[in-house]
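Beneath this line is the structure, given in structure tokens, with notes to follow.
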Amino acid sequence: MNKKQWMSFSKTALSAAVAIVIAGPALAQTAAAEADKASEAQPRAKEDSVRLGTITIVGEGNKLGAGLMLNEDTVKGRSTITKASTEKDIATGNPFQALALLPGINTFSHDATGLYGGGMTIRGFGADQLGFTINGVPVNDSGNFAVYPQEYVDQENLCTQSVAQGAPEVESPHAGATGGSVSINTCDPEDKRRVRVAQTLGMLNLTRTFVRFDSGRFADDKLKVFLSYSHTQADHWKGPGSATKDHVDAAFRWDLGNENTILGSVLYNRAINDNFLAPTLKQLNDNGYNWDYSASFTPGHIKGTKGKADNETGPNPAYYKLSKNPFENAIYSVSGSFKLAENTYLKVQPYLWTGFGNGGTQQVVLSETAFMDSATPKRGVDLNGDGDTLDKVIVARASVTKTSRPGITTELNKTMGDHQLRVGVWFEKATHRQTQPAVKVNDDGSSTDVWLQNGQILRPDGSTYQGRDWETKSTAYQAYVSDNISFMGDRGLLSLGLRAPTVKRDVTNTANEGGTISYNLQKSYSEVLPQIGARFMLDAQQQVFFNVAKNFRAPPNFAFTGSNVKPNATGGVDLVSATKAETAIMTDLGYRLQTRNFSLSGTFFNADFKDRQANAFDSSTQTSTYTNAGRVNTRGLEFEAGSAPFLGGFTAYASVTLQKSEILDNLIVAGTDGKPVTLVTRGNQFTLTPEKMVGASLQYASGPVYARFKIKHTGKQYATLMNDESAPSFNVVDFAAGYTFNNVGWMSTPQLRFNIANVLNAQYRNPNGGTRVNAVALPNKGVDTPTYYLGAPRFVSVSLSADFN
């Protein structure tokens, strides 16, 4: 569909919506009351009474689309899945996998278990351009806004996962969300005491043990808590390697009375994963689908000889034991809702996010003279102990990140007649320390410490060697105000909102082996972001909605480091190019039909991005690329439909996404001679934006048994901004089945679950990031070769769980 056709469609859709709204008052004036009755039949999304920026469920989540859909009353496009869906997925799964069928979402995982994470785009924009919250806490990386779905929460503890495809809520605590938001919420503790035990086994030596204890209500029925622990491990599906994960979730709910409630949670994760190699298309064709990191440390270390330059090379690709991702993180939060007066509430949520670990390919050949040294003449370090400093030796070096991120959100909520007013403030101060130390490598190819902390290689002066040494202090704050105004007996809702985020980047580079100049750069970014939306009920079953919002994203911290800066005459540095904040105008226009047996939602969307930050993260080198891709327009249609159970137990769900993403400016890059080169990208489609996606689910459930098929079609997607290389379309089918047995003694609701991922064993590839420029060489511009993550083959697992009361 060309631009003229899209414009024609836009005008037609808008005219139809206006006609419907004008005709609406002539319909039944009892629509609001009838809708309240209809809501009893199907689950509806509703604002959480405690947590900020989240939703809860009214009704049973299994009634509509088998948990893949809730009825919505919001003024914008939004989709939600519930526990009824995720509890049938593979027990080790992550949120990206759970959300895969929803409209607008393009996602992939490195393997079927979900232990290795993956990637996601919504309406063509990556996870680092979306705002993610867990229990109301922002979890995007404070430096580059990246998201790591495998780290956050065990799937058994999830309650809802909600996607606002176009614009985050006005109270959302985000400084980097131009493309919508994702809200993930854990369930509250159970009202009755319970111990749940689950064991999962599967292919690739998968084993997982999960135990959860719920206290039930105590302390005059005001307090309840839960604590869960899981241990999981599995092997790679290609090449050698494995993943090991230990996870702890804990939460409490304290109902103080008089509508005062406090919730608290701790989500802790510790994992050590071996990485998957992302090949180029040529490497894939030359070496086959299962090609990966080297299985042996050959040629390995060389026995050093004094007075001789012994130069080690190491295996190529790198040895798999020297490409790891060990990481430990925790999310602490407390949420309180306090009734100050009639229809007046104060909500407060302090939180702390901490993380430590490293990632990428650790295998590095380090010269014994590649050290900073203040002495004259400069000295080296004898890495292999042969008595000289003439050698090049294999060491383990990777990017180490340590994050401490405290914050707080406070909101005053007041209902006055037809107005629901909100006024709030969010504040966060994140310290993000990024270093690159090195340790020695054992003769078997393993590092002496996978965390790169013990036995660090020192410089000649005794200080620690660092391939980089950055500290980023990011101070973010936001004031917001909103008013939801109901009219015509609650048939209509007008939503007005304004938020004003500010982000200050304070980046310090300490002289290191990767850059010998120490410097400090500080820059602030702020924007006033209005939102206006409306929802009108045509009758008890039909509604139309419209929303326009401005979004904002500050530049990532790496835009102030590495190749993005250059020395100046005063001994400091200047930015190579202006670092501009990304902004977007997001528009949703939609229609919903919500009956007792069927729900349908259709949304026309338009996204106008300015100064779009095109960011790519290479897991093998732990480097990111910052590119200003200028203006980008994305528009399209999203459809979502779900049924209540029919024909004695069948439940269906489907989504369709049709979209067109167009780059509106040519791209200026540095040529091979260092001079600017203008590439003709105007009119091209942006990367990672399939024009067509279809998701569907069909479930049969009757009594103790259920069976479910899921299918996802992902259309062709470009891997470069020049559109000279692409990933073909593909289909993935998953199957799940389960049986619940009768109670046996103390054991209640024992359940056996069976899952098959990628039933048809499809082979496919996904571009590794969205900023590769060109796969074919151009005049004065070398090749920027894209790499690909490969789809995992068929995978089978089985889980057995039971409760003990």
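Residue names in the structure tokens use chain letters A, B, ... in the order shown, residue numbers from 1 in each chain, and ligand numbers from 1 in the order shown.
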Helix (DSSP H, G or I) per DSSP on the backbone: members of range 418-605 of chain A, as a VMD selection string: chain A and resid 557 to 560 562 to 564
All residues 6 Å or closer to range 597-608 of chain A, only C-alpha atoms, same chain fewer than 6 positions away omitted, as a VMD selection string: chain A and resid 584 to 591 633 to 644
Could you dump the residues just selected with all heavy atoms as a short mmCIF file (atom, residue, chain, number, x, y, z; two decimals), in the first residue's frame?
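After the write, out12.cif holds the following:
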```cif
data_model
loop_
_atom_site.label_atom_id
_atom_site.label_comp_id
_atom_site.auth_asym_id
_atom_site.auth_seq_id
_atom_site.Cartn_x
_atom_site.Cartn_y
_atom_site.Cartn_z
N ALA A 584 8.05 11.57 19.44
CA ALA A 584 7.10 10.93 18.55
C ALA A 584 5.70 11.43 18.86
O ALA A 584 5.36 11.66 20.02
CB ALA A 584 7.15 9.42 18.69
N ILE A 585 4.92 11.59 17.83
CA ILE A 585 3.49 11.87 17.97
C ILE A 585 2.76 10.58 17.60
O ILE A 585 2.83 10.11 16.47
CB ILE A 585 3.02 13.02 17.05
CG1 ILE A 585 3.85 14.28 17.32
CG2 ILE A 585 1.54 13.29 17.26
CD1 ILE A 585 3.69 14.84 18.71
N MET A 586 2.05 10.01 18.58
CA MET A 586 1.38 8.73 18.40
C MET A 586 -0.13 8.95 18.36
O MET A 586 -0.69 9.60 19.24
CB MET A 586 1.73 7.77 19.53
CG MET A 586 3.22 7.66 19.82
SD MET A 586 4.14 6.85 18.50
CE MET A 586 3.61 5.16 18.71
N THR A 587 -0.79 8.40 17.35
CA THR A 587 -2.23 8.55 17.20
C THR A 587 -2.88 7.18 17.08
O THR A 587 -2.44 6.34 16.29
CB THR A 587 -2.56 9.37 15.94
OG1 THR A 587 -1.91 10.64 16.02
CG2 THR A 587 -4.07 9.60 15.82
N ASP A 588 -3.93 6.96 17.87
CA ASP A 588 -4.74 5.74 17.80
C ASP A 588 -6.19 6.13 17.51
O ASP A 588 -6.72 7.06 18.12
CB ASP A 588 -4.72 4.97 19.12
CG ASP A 588 -3.43 4.19 19.33
OD1 ASP A 588 -2.57 4.22 18.44
OD2 ASP A 588 -3.29 3.56 20.40
N LEU A 589 -6.82 5.43 16.59
CA LEU A 589 -8.24 5.60 16.30
C LEU A 589 -8.83 4.21 16.19
O LEU A 589 -8.40 3.41 15.35
CB LEU A 589 -8.43 6.36 14.98
CG LEU A 589 -9.87 6.50 14.45
CD1 LEU A 589 -10.71 7.33 15.41
CD2 LEU A 589 -9.86 7.14 13.06
N GLY A 590 -9.81 3.89 17.05
CA GLY A 590 -10.24 2.50 17.07
C GLY A 590 -11.70 2.27 17.41
O GLY A 590 -12.45 3.19 17.75
N TYR A 591 -12.07 1.01 17.30
CA TYR A 591 -13.44 0.54 17.52
C TYR A 591 -13.38 -0.77 18.30
O TYR A 591 -12.51 -1.61 18.05
CB TYR A 591 -14.15 0.33 16.19
CG TYR A 591 -15.45 -0.45 16.28
CD1 TYR A 591 -16.63 0.18 16.65
CD2 TYR A 591 -15.47 -1.82 16.00
CE1 TYR A 591 -17.83 -0.55 16.74
CE2 TYR A 591 -16.66 -2.54 16.09
CZ TYR A 591 -17.83 -1.90 16.46
OH TYR A 591 -18.99 -2.61 16.55
N ASN A 633 8.04 7.47 9.68
CA ASN A 633 6.59 7.37 9.84
C ASN A 633 6.18 5.90 9.79
O ASN A 633 6.58 5.17 8.89
CB ASN A 633 5.85 8.14 8.74
CG ASN A 633 4.34 7.94 8.81
OD1 ASN A 633 3.78 7.11 8.10
ND2 ASN A 633 3.69 8.69 9.68
N THR A 634 5.40 5.49 10.77
CA THR A 634 4.85 4.14 10.79
C THR A 634 3.35 4.24 10.96
O THR A 634 2.87 4.95 11.84
CB THR A 634 5.44 3.32 11.94
OG1 THR A 634 6.86 3.30 11.84
CG2 THR A 634 4.93 1.88 11.90
N ARG A 635 2.61 3.56 10.13
CA ARG A 635 1.16 3.55 10.26
C ARG A 635 0.65 2.17 9.89
O ARG A 635 1.31 1.39 9.19
CB ARG A 635 0.51 4.62 9.37
CG ARG A 635 0.79 4.45 7.87
CD ARG A 635 0.12 5.54 7.07
NE ARG A 635 0.63 6.86 7.44
CZ ARG A 635 0.09 8.00 7.04
NH1 ARG A 635 -0.97 7.99 6.26
NH2 ARG A 635 0.60 9.16 7.41
N GLY A 636 -0.55 1.87 10.39
CA GLY A 636 -1.08 0.55 10.09
C GLY A 636 -2.38 0.26 10.80
O GLY A 636 -3.02 1.15 11.39
N LEU A 637 -2.77 -0.99 10.75
CA LEU A 637 -4.00 -1.49 11.35
C LEU A 637 -3.69 -2.67 12.26
O LEU A 637 -2.86 -3.53 11.91
CB LEU A 637 -4.98 -1.93 10.26
CG LEU A 637 -5.60 -0.85 9.39
CD1 LEU A 637 -6.29 -1.49 8.19
CD2 LEU A 637 -6.59 -0.02 10.19
N GLU A 638 -4.34 -2.69 13.41
CA GLU A 638 -4.23 -3.80 14.33
C GLU A 638 -5.63 -4.32 14.66
O GLU A 638 -6.53 -3.54 14.98
CB GLU A 638 -3.54 -3.37 15.63
CG GLU A 638 -2.08 -2.99 15.45
CD GLU A 638 -1.50 -2.33 16.68
OE1 GLU A 638 -2.28 -1.92 17.58
OE2 GLU A 638 -0.27 -2.18 16.74
N PHE A 639 -5.80 -5.62 14.57
CA PHE A 639 -7.06 -6.25 14.92
C PHE A 639 -6.81 -7.32 15.98
O PHE A 639 -5.79 -8.03 15.94
CB PHE A 639 -7.71 -6.90 13.70
CG PHE A 639 -8.09 -5.95 12.62
CD1 PHE A 639 -7.26 -5.75 11.52
CD2 PHE A 639 -9.27 -5.22 12.70
CE1 PHE A 639 -7.60 -4.85 10.51
CE2 PHE A 639 -9.63 -4.32 11.70
CZ PHE A 639 -8.79 -4.14 10.60
N GLU A 640 -7.75 -7.44 16.90
CA GLU A 640 -7.65 -8.44 17.96
C GLU A 640 -9.05 -8.95 18.25
O GLU A 640 -9.99 -8.16 18.39
CB GLU A 640 -7.03 -7.81 19.20
CG GLU A 640 -6.78 -8.77 20.34
CD GLU A 640 -6.13 -8.08 21.53
OE1 GLU A 640 -6.34 -6.86 21.72
OE2 GLU A 640 -5.41 -8.76 22.27
N ALA A 641 -9.19 -10.27 18.33
CA ALA A 641 -10.51 -10.85 18.59
C ALA A 641 -10.36 -12.06 19.50
O ALA A 641 -9.40 -12.82 19.39
CB ALA A 641 -11.19 -11.26 17.28
N GLY A 642 -11.34 -12.23 20.39
CA GLY A 642 -11.34 -13.37 21.28
C GLY A 642 -12.74 -13.84 21.56
O GLY A 642 -13.69 -13.04 21.57
N SER A 643 -12.89 -15.13 21.78
CA SER A 643 -14.22 -15.70 22.03
C SER A 643 -14.30 -16.24 23.45
O SER A 643 -13.29 -16.62 24.06
CB SER A 643 -14.50 -16.83 21.04
OG SER A 643 -13.81 -18.00 21.43
N ALA A 644 -15.51 -16.29 23.95
CA ALA A 644 -15.80 -17.08 25.14
C ALA A 644 -15.88 -18.55 24.72
O ALA A 644 -15.91 -18.86 23.52
CB ALA A 644 -17.11 -16.61 25.76
#
```
Write out as JSON lines a residue-level contact list of range 62-126 of chain A versus range 703-721 of chain A with cut-off 9 Å: for each qualifying residue the closest pair of atoms and the distance in Å to one decimal, counting only C-alpha atoms, rows sorted by chain and residue number upward.
```
{"residue": "A:Lys88", "atom": "CA", "partner": "A:Arg708", "partner_atom": "CA", "distance": 8.5}
{"residue": "A:Ala100", "atom": "CA", "partner": "A:Lys712", "partner_atom": "CA", "distance": 7.7}
{"residue": "A:Leu101", "atom": "CA", "partner": "A:Lys712", "partner_atom": "CA", "distance": 6.5}
{"residue": "A:Asn106", "atom": "CA", "partner": "A:Thr714", "partner_atom": "CA", "distance": 7.4}
```
Range 740-755 of chain A environment, 12 Å, only C-alpha atoms, sequence neighbours closer than 3 positions dropped, as a ChimeraX atom specification: /A:87-93,112-113,194-203,701-710,733-737,758-759,794-805
Counting only C-alpha atoms, which residues of range 450-491 of chain A sit at most 12 Å from some atom of range 390-405 of chain A, and what is each one's closest atom pair with its distance in Å to one decimal, listed by chain and rising residue number, as a tab-separated table?
```
residue	atom	partner	partner_atom	distance
A:Val450	CA	A:Ala396	CA	8.5
A:Trp451	CA	A:Val400	CA	8.3
A:Leu452	CA	A:Arg397	CA	7.5
A:Gln453	CA	A:Val400	CA	9.3
A:Asn454	CA	A:Ala396	CA	12.0
A:Gly455	CA	A:Ala396	CA	11.1
A:Gln456	CA	A:Arg397	CA	9.6
A:Ile457	CA	A:Val395	CA	9.2
A:Tyr465	CA	A:Arg397	CA	10.0
A:Gln466	CA	A:Arg397	CA	9.0
A:Gly467	CA	A:Arg397	CA	8.1
A:Arg468	CA	A:Ser399	CA	7.9
A:Asp469	CA	A:Ser399	CA	9.5
A:Trp470	CA	A:Thr401	CA	9.6
A:Glu471	CA	A:Lys402	CA	9.6
A:Thr472	CA	A:Thr403	CA	9.6
A:Lys473	CA	A:Arg405	CA	9.8
A:Ser474	CA	A:Arg405	CA	9.2
A:Thr475	CA	A:Arg405	CA	9.8
A:Ala476	CA	A:Arg405	CA	10.7
```
Selection to disk with N, CA and C atoms, as a PDB file, in the first residue's frame:
```pdb
ATOM      1  N   VAL A 450      34.609 -16.205  36.289  1.00  0.00           N
ATOM      2  CA  VAL A 450      33.620 -15.838  35.281  1.00  0.00           C
ATOM      3  C   VAL A 450      33.038 -14.447  35.543  1.00  0.00           C
ATOM      4  N   TRP A 451      33.073 -13.982  36.798  1.00  0.00           N
ATOM      5  CA  TRP A 451      32.558 -12.654  37.138  1.00  0.00           C
ATOM      6  C   TRP A 451      33.611 -11.568  36.924  1.00  0.00           C
ATOM      7  N   LEU A 452      34.864 -11.958  36.586  1.00  0.00           N
ATOM      8  CA  LEU A 452      35.964 -11.029  36.282  1.00  0.00           C
ATOM      9  C   LEU A 452      36.306 -10.114  37.460  1.00  0.00           C
ATOM     10  N   GLN A 453      36.189 -10.658  38.658  1.00  0.00           N
ATOM     11  CA  GLN A 453      36.472  -9.861  39.846  1.00  0.00           C
ATOM     12  C   GLN A 453      37.732 -10.313  40.569  1.00  0.00           C
ATOM     13  N   ASN A 454      37.913 -11.602  40.755  1.00  0.00           N
ATOM     14  CA  ASN A 454      39.079 -12.125  41.464  1.00  0.00           C
ATOM     15  C   ASN A 454      40.248 -12.335  40.501  1.00  0.00           C
ATOM     16  N   GLY A 455      41.426 -11.902  40.927  1.00  0.00           N
ATOM     17  CA  GLY A 455      42.614 -12.085  40.105  1.00  0.00           C
ATOM     18  C   GLY A 455      42.672 -11.183  38.897  1.00  0.00           C
ATOM     19  N   GLN A 456      42.160  -9.973  39.013  1.00  0.00           N
ATOM     20  CA  GLN A 456      42.194  -9.034  37.891  1.00  0.00           C
ATOM     21  C   GLN A 456      43.627  -8.677  37.513  1.00  0.00           C
ATOM     22  N   ILE A 457      43.854  -8.576  36.208  1.00  0.00           N
ATOM     23  CA  ILE A 457      45.176  -8.205  35.697  1.00  0.00           C
ATOM     24  C   ILE A 457      45.437  -6.746  36.033  1.00  0.00           C
ATOM     25  N   TYR A 465      43.846  -2.940  35.221  1.00  0.00           N
ATOM     26  CA  TYR A 465      43.677  -2.748  33.778  1.00  0.00           C
ATOM     27  C   TYR A 465      42.200  -2.591  33.460  1.00  0.00           C
ATOM     28  N   GLN A 466      41.861  -1.631  32.582  1.00  0.00           N
ATOM     29  CA  GLN A 466      40.480  -1.414  32.174  1.00  0.00           C
ATOM     30  C   GLN A 466      40.424  -1.102  30.681  1.00  0.00           C
ATOM     31  N   GLY A 467      39.652  -1.917  29.940  1.00  0.00           N
ATOM     32  CA  GLY A 467      39.431  -1.618  28.532  1.00  0.00           C
ATOM     33  C   GLY A 467      38.476  -0.453  28.336  1.00  0.00           C
ATOM     34  N   ARG A 468      37.659  -0.172  29.341  1.00  0.00           N
ATOM     35  CA  ARG A 468      36.840   1.035  29.409  1.00  0.00           C
ATOM     36  C   ARG A 468      36.580   1.332  30.879  1.00  0.00           C
ATOM     37  N   ASP A 469      36.218   2.574  31.154  1.00  0.00           N
ATOM     38  CA  ASP A 469      36.006   2.976  32.543  1.00  0.00           C
ATOM     39  C   ASP A 469      35.030   4.152  32.553  1.00  0.00           C
ATOM     40  N   TRP A 470      33.749   3.843  32.563  1.00  0.00           N
ATOM     41  CA  TRP A 470      32.712   4.874  32.504  1.00  0.00           C
ATOM     42  C   TRP A 470      31.875   4.849  33.777  1.00  0.00           C
ATOM     43  N   GLU A 471      31.411   6.012  34.158  1.00  0.00           N
ATOM     44  CA  GLU A 471      30.389   6.118  35.187  1.00  0.00           C
ATOM     45  C   GLU A 471      29.338   7.105  34.716  1.00  0.00           C
ATOM     46  N   THR A 472      28.092   6.632  34.683  1.00  0.00           N
ATOM     47  CA  THR A 472      26.985   7.476  34.254  1.00  0.00           C
ATOM     48  C   THR A 472      26.030   7.680  35.417  1.00  0.00           C
ATOM     49  N   LYS A 473      25.814   8.923  35.772  1.00  0.00           N
ATOM     50  CA  LYS A 473      24.798   9.262  36.763  1.00  0.00           C
ATOM     51  C   LYS A 473      23.626   9.869  36.008  1.00  0.00           C
ATOM     52  N   SER A 474      22.509   9.175  36.050  1.00  0.00           N
ATOM     53  CA  SER A 474      21.319   9.621  35.324  1.00  0.00           C
ATOM     54  C   SER A 474      20.249  10.025  36.336  1.00  0.00           C
ATOM     55  N   THR A 475      19.947  11.303  36.350  1.00  0.00           N
ATOM     56  CA  THR A 475      18.912  11.819  37.231  1.00  0.00           C
ATOM     57  C   THR A 475      17.666  12.084  36.391  1.00  0.00           C
ATOM     58  N   ALA A 476      16.590  11.410  36.738  1.00  0.00           N
ATOM     59  CA  ALA A 476      15.343  11.562  35.985  1.00  0.00           C
ATOM     60  C   ALA A 476      14.231  11.973  36.943  1.00  0.00           C
TER      61      ALA A 476
END
```
Which residues are near Tyr653 in chain A? Cut-off 9 Å, only C-alpha atoms, ignore same chain within fewer than 4 positions. Put them as a tab-separated table (two decimals) with N, CA, C and O atoms, in the first residue's frame.
```
chain	number	residue	atom	x	y	z
A	64	LEU	N	-12.20	-15.22	28.12
A	64	LEU	CA	-12.06	-14.53	26.84
A	64	LEU	C	-10.72	-14.86	26.21
A	64	LEU	O	-9.67	-14.52	26.75
A	65	GLY	N	-10.76	-15.54	25.06
A	65	GLY	CA	-9.52	-15.86	24.36
A	65	GLY	C	-8.57	-16.71	25.16
A	65	GLY	O	-7.36	-16.66	24.96
A	66	ALA	N	-9.11	-17.50	26.11
A	66	ALA	CA	-8.29	-18.37	26.96
A	66	ALA	C	-7.18	-17.58	27.65
A	66	ALA	O	-6.06	-18.04	27.79
A	68	LEU	N	-5.91	-14.61	26.68
A	68	LEU	CA	-5.10	-13.77	25.80
A	68	LEU	C	-5.75	-12.41	25.53
A	68	LEU	O	-5.22	-11.62	24.74
A	69	MET	N	-6.86	-12.10	26.19
A	69	MET	CA	-7.55	-10.84	25.90
A	69	MET	C	-8.41	-10.44	27.08
A	69	MET	O	-8.99	-11.29	27.77
A	640	GLU	N	-7.75	-7.44	16.90
A	640	GLU	CA	-7.65	-8.44	17.96
A	640	GLU	C	-9.05	-8.95	18.25
A	640	GLU	O	-9.99	-8.16	18.39
A	641	ALA	N	-9.19	-10.27	18.33
A	641	ALA	CA	-10.51	-10.85	18.59
A	641	ALA	C	-10.36	-12.06	19.50
A	641	ALA	O	-9.40	-12.82	19.39
A	642	GLY	N	-11.34	-12.23	20.39
A	642	GLY	CA	-11.34	-13.37	21.28
A	642	GLY	C	-12.74	-13.84	21.56
A	642	GLY	O	-13.69	-13.04	21.57
A	643	SER	N	-12.89	-15.13	21.78
A	643	SER	CA	-14.22	-15.70	22.03
A	643	SER	C	-14.30	-16.24	23.45
A	643	SER	O	-13.29	-16.62	24.06
A	695	GLY	N	-1.34	-13.69	14.54
A	695	GLY	CA	-1.24	-14.60	15.67
A	695	GLY	C	-2.59	-15.25	15.93
A	695	GLY	O	-3.63	-14.61	15.77
A	696	ALA	N	-2.58	-16.51	16.31
A	696	ALA	CA	-3.84	-17.19	16.57
A	696	ALA	C	-3.65	-18.27	17.61
A	696	ALA	O	-2.57	-18.86	17.74
A	697	SER	N	-4.73	-18.52	18.37
A	697	SER	CA	-4.72	-19.57	19.38
A	697	SER	C	-6.08	-20.25	19.38
A	697	SER	O	-7.12	-19.60	19.28
A	698	LEU	N	-6.08	-21.57	19.47
A	698	LEU	CA	-7.32	-22.34	19.60
A	698	LEU	C	-7.13	-23.32	20.75
A	698	LEU	O	-6.19	-24.11	20.75
A	699	GLN	N	-8.02	-23.22	21.74
A	699	GLN	CA	-7.92	-24.07	22.93
A	699	GLN	C	-9.20	-24.87	23.11
A	699	GLN	O	-10.31	-24.36	22.87
```
Residues near Gly630 in chain A, cut-off 9 Å, only C-alpha atoms, skip fewer than 2 positions along chain, as a ChimeraX atom specification: /A:609-613,627-628,632,663-667
With a distance cut-off of 12 Å and only C-alpha atoms, select the neighbouring residues of Ile302 in chain A, excluding the residue or stretch itself and same-chain residues fewer than 6 positions from it, and output the selection as a short mmCIF file (atom, residue, chain, number, x, y, z; two decimals) with N, CA and C atoms, in the first residue's frame.
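Printed below is part-v3.cif as written:
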```
data_model
loop_
_atom_site.label_atom_id
_atom_site.label_comp_id
_atom_site.auth_asym_id
_atom_site.auth_seq_id
_atom_site.Cartn_x
_atom_site.Cartn_y
_atom_site.Cartn_z
N LYS A 308 61.58 -14.28 23.27
CA LYS A 308 60.88 -14.55 22.01
C LYS A 308 59.46 -14.00 22.08
N ALA A 309 59.00 -13.42 20.99
CA ALA A 309 57.63 -12.91 20.92
C ALA A 309 56.69 -14.08 20.63
N ASP A 310 55.96 -14.51 21.65
CA ASP A 310 55.01 -15.61 21.52
C ASP A 310 53.61 -15.01 21.37
N ASN A 311 53.05 -15.16 20.18
CA ASN A 311 51.76 -14.54 19.89
C ASN A 311 50.66 -15.59 19.78
N GLU A 312 49.76 -15.60 20.77
CA GLU A 312 48.64 -16.52 20.76
C GLU A 312 47.50 -15.97 19.90
N THR A 313 46.74 -16.87 19.33
CA THR A 313 45.63 -16.45 18.47
C THR A 313 44.28 -16.89 19.01
N GLY A 314 44.21 -18.07 19.59
CA GLY A 314 42.93 -18.57 20.09
C GLY A 314 42.06 -19.10 18.99
N LEU A 383 52.42 -11.44 31.21
CA LEU A 383 51.16 -12.14 31.41
C LEU A 383 51.32 -13.66 31.48
N ASN A 384 52.31 -14.21 30.76
CA ASN A 384 52.46 -15.68 30.72
C ASN A 384 53.63 -16.19 31.56
N GLY A 385 54.31 -15.26 32.25
CA GLY A 385 55.35 -15.66 33.19
C GLY A 385 56.62 -16.20 32.56
N ASP A 386 56.92 -15.80 31.31
CA ASP A 386 58.14 -16.32 30.68
C ASP A 386 59.32 -15.39 30.86
N ASP A 391 55.08 -10.65 24.42
CA ASP A 391 54.08 -11.60 23.94
C ASP A 391 52.67 -10.99 23.82
N LYS A 392 51.83 -11.76 23.13
CA LYS A 392 50.40 -11.49 23.08
C LYS A 392 49.69 -12.73 23.60
N VAL A 393 48.88 -12.55 24.63
CA VAL A 393 48.34 -13.68 25.39
C VAL A 393 46.82 -13.60 25.45
N ILE A 394 46.17 -14.75 25.36
CA ILE A 394 44.70 -14.82 25.47
C ILE A 394 44.31 -14.59 26.93
N ASN A 442 42.69 -20.10 32.10
CA ASN A 442 43.31 -21.38 32.45
C ASN A 442 43.70 -22.15 31.19
N ASP A 443 44.50 -23.19 31.38
CA ASP A 443 44.95 -23.99 30.25
C ASP A 443 43.79 -24.70 29.54
#
```
Shortest interatomic distance to Glu662 in chain A - which of A:Thr415, A:Thr687, A:Thr678, A:Thr209, counting only C-alpha atoms: A:Thr687
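Distances to Ala271 in chain A were evaluated for A:Trp237, A:Tyr289, A:Tyr152, A:Phe218 using only C-alpha atoms, and the minimum falls at A:Tyr152.
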Using 10 Å as the limit and counting only C-alpha atoms, can you tabulate each residue of range 510-605 of chain A that touches range 114-130 of chain A, with its shortest atom-to-atom distance in Å and the two atoms involved, as JSON lines?
```
{"residue": "A:Phe552", "atom": "CA", "partner": "A:Gln129", "partner_atom": "CA", "distance": 9.3}
{"residue": "A:Arg553", "atom": "CA", "partner": "A:Gln129", "partner_atom": "CA", "distance": 7.3}
{"residue": "A:Ala554", "atom": "CA", "partner": "A:Gln129", "partner_atom": "CA", "distance": 9.9}
{"residue": "A:Pro556", "atom": "CA", "partner": "A:Asp128", "partner_atom": "CA", "distance": 9.5}
{"residue": "A:Glu582", "atom": "CA", "partner": "A:Gln129", "partner_atom": "CA", "distance": 9.5}
{"residue": "A:Phe605", "atom": "CA", "partner": "A:Arg123", "partner_atom": "CA", "distance": 9.1}
```
Produce a file of the selected residues containing N, CA and C atoms, as a compact mmCIF listing (two decimals), in the first residue's frame.
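Final output, out-v1.txt:
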```txt
# COMPACT_ATOMS: atom_id res chain seq x y z
N PHE A 552 8.64 10.70 24.32
CA PHE A 552 9.98 11.29 24.44
C PHE A 552 10.97 10.21 24.86
N ARG A 553 12.19 10.31 24.36
CA ARG A 553 13.26 9.40 24.75
C ARG A 553 14.59 10.13 24.74
N ALA A 554 15.25 10.16 25.87
CA ALA A 554 16.57 10.78 25.97
C ALA A 554 17.60 9.90 25.27
N PRO A 556 20.82 7.52 24.75
CA PRO A 556 21.47 6.56 25.65
C PRO A 556 22.82 7.09 26.11
N GLU A 582 14.80 11.84 21.13
CA GLU A 582 13.83 11.33 20.16
C GLU A 582 12.43 11.69 20.64
N PHE A 605 -3.43 3.13 13.54
CA PHE A 605 -2.41 3.89 14.28
C PHE A 605 -1.48 4.61 13.33
```
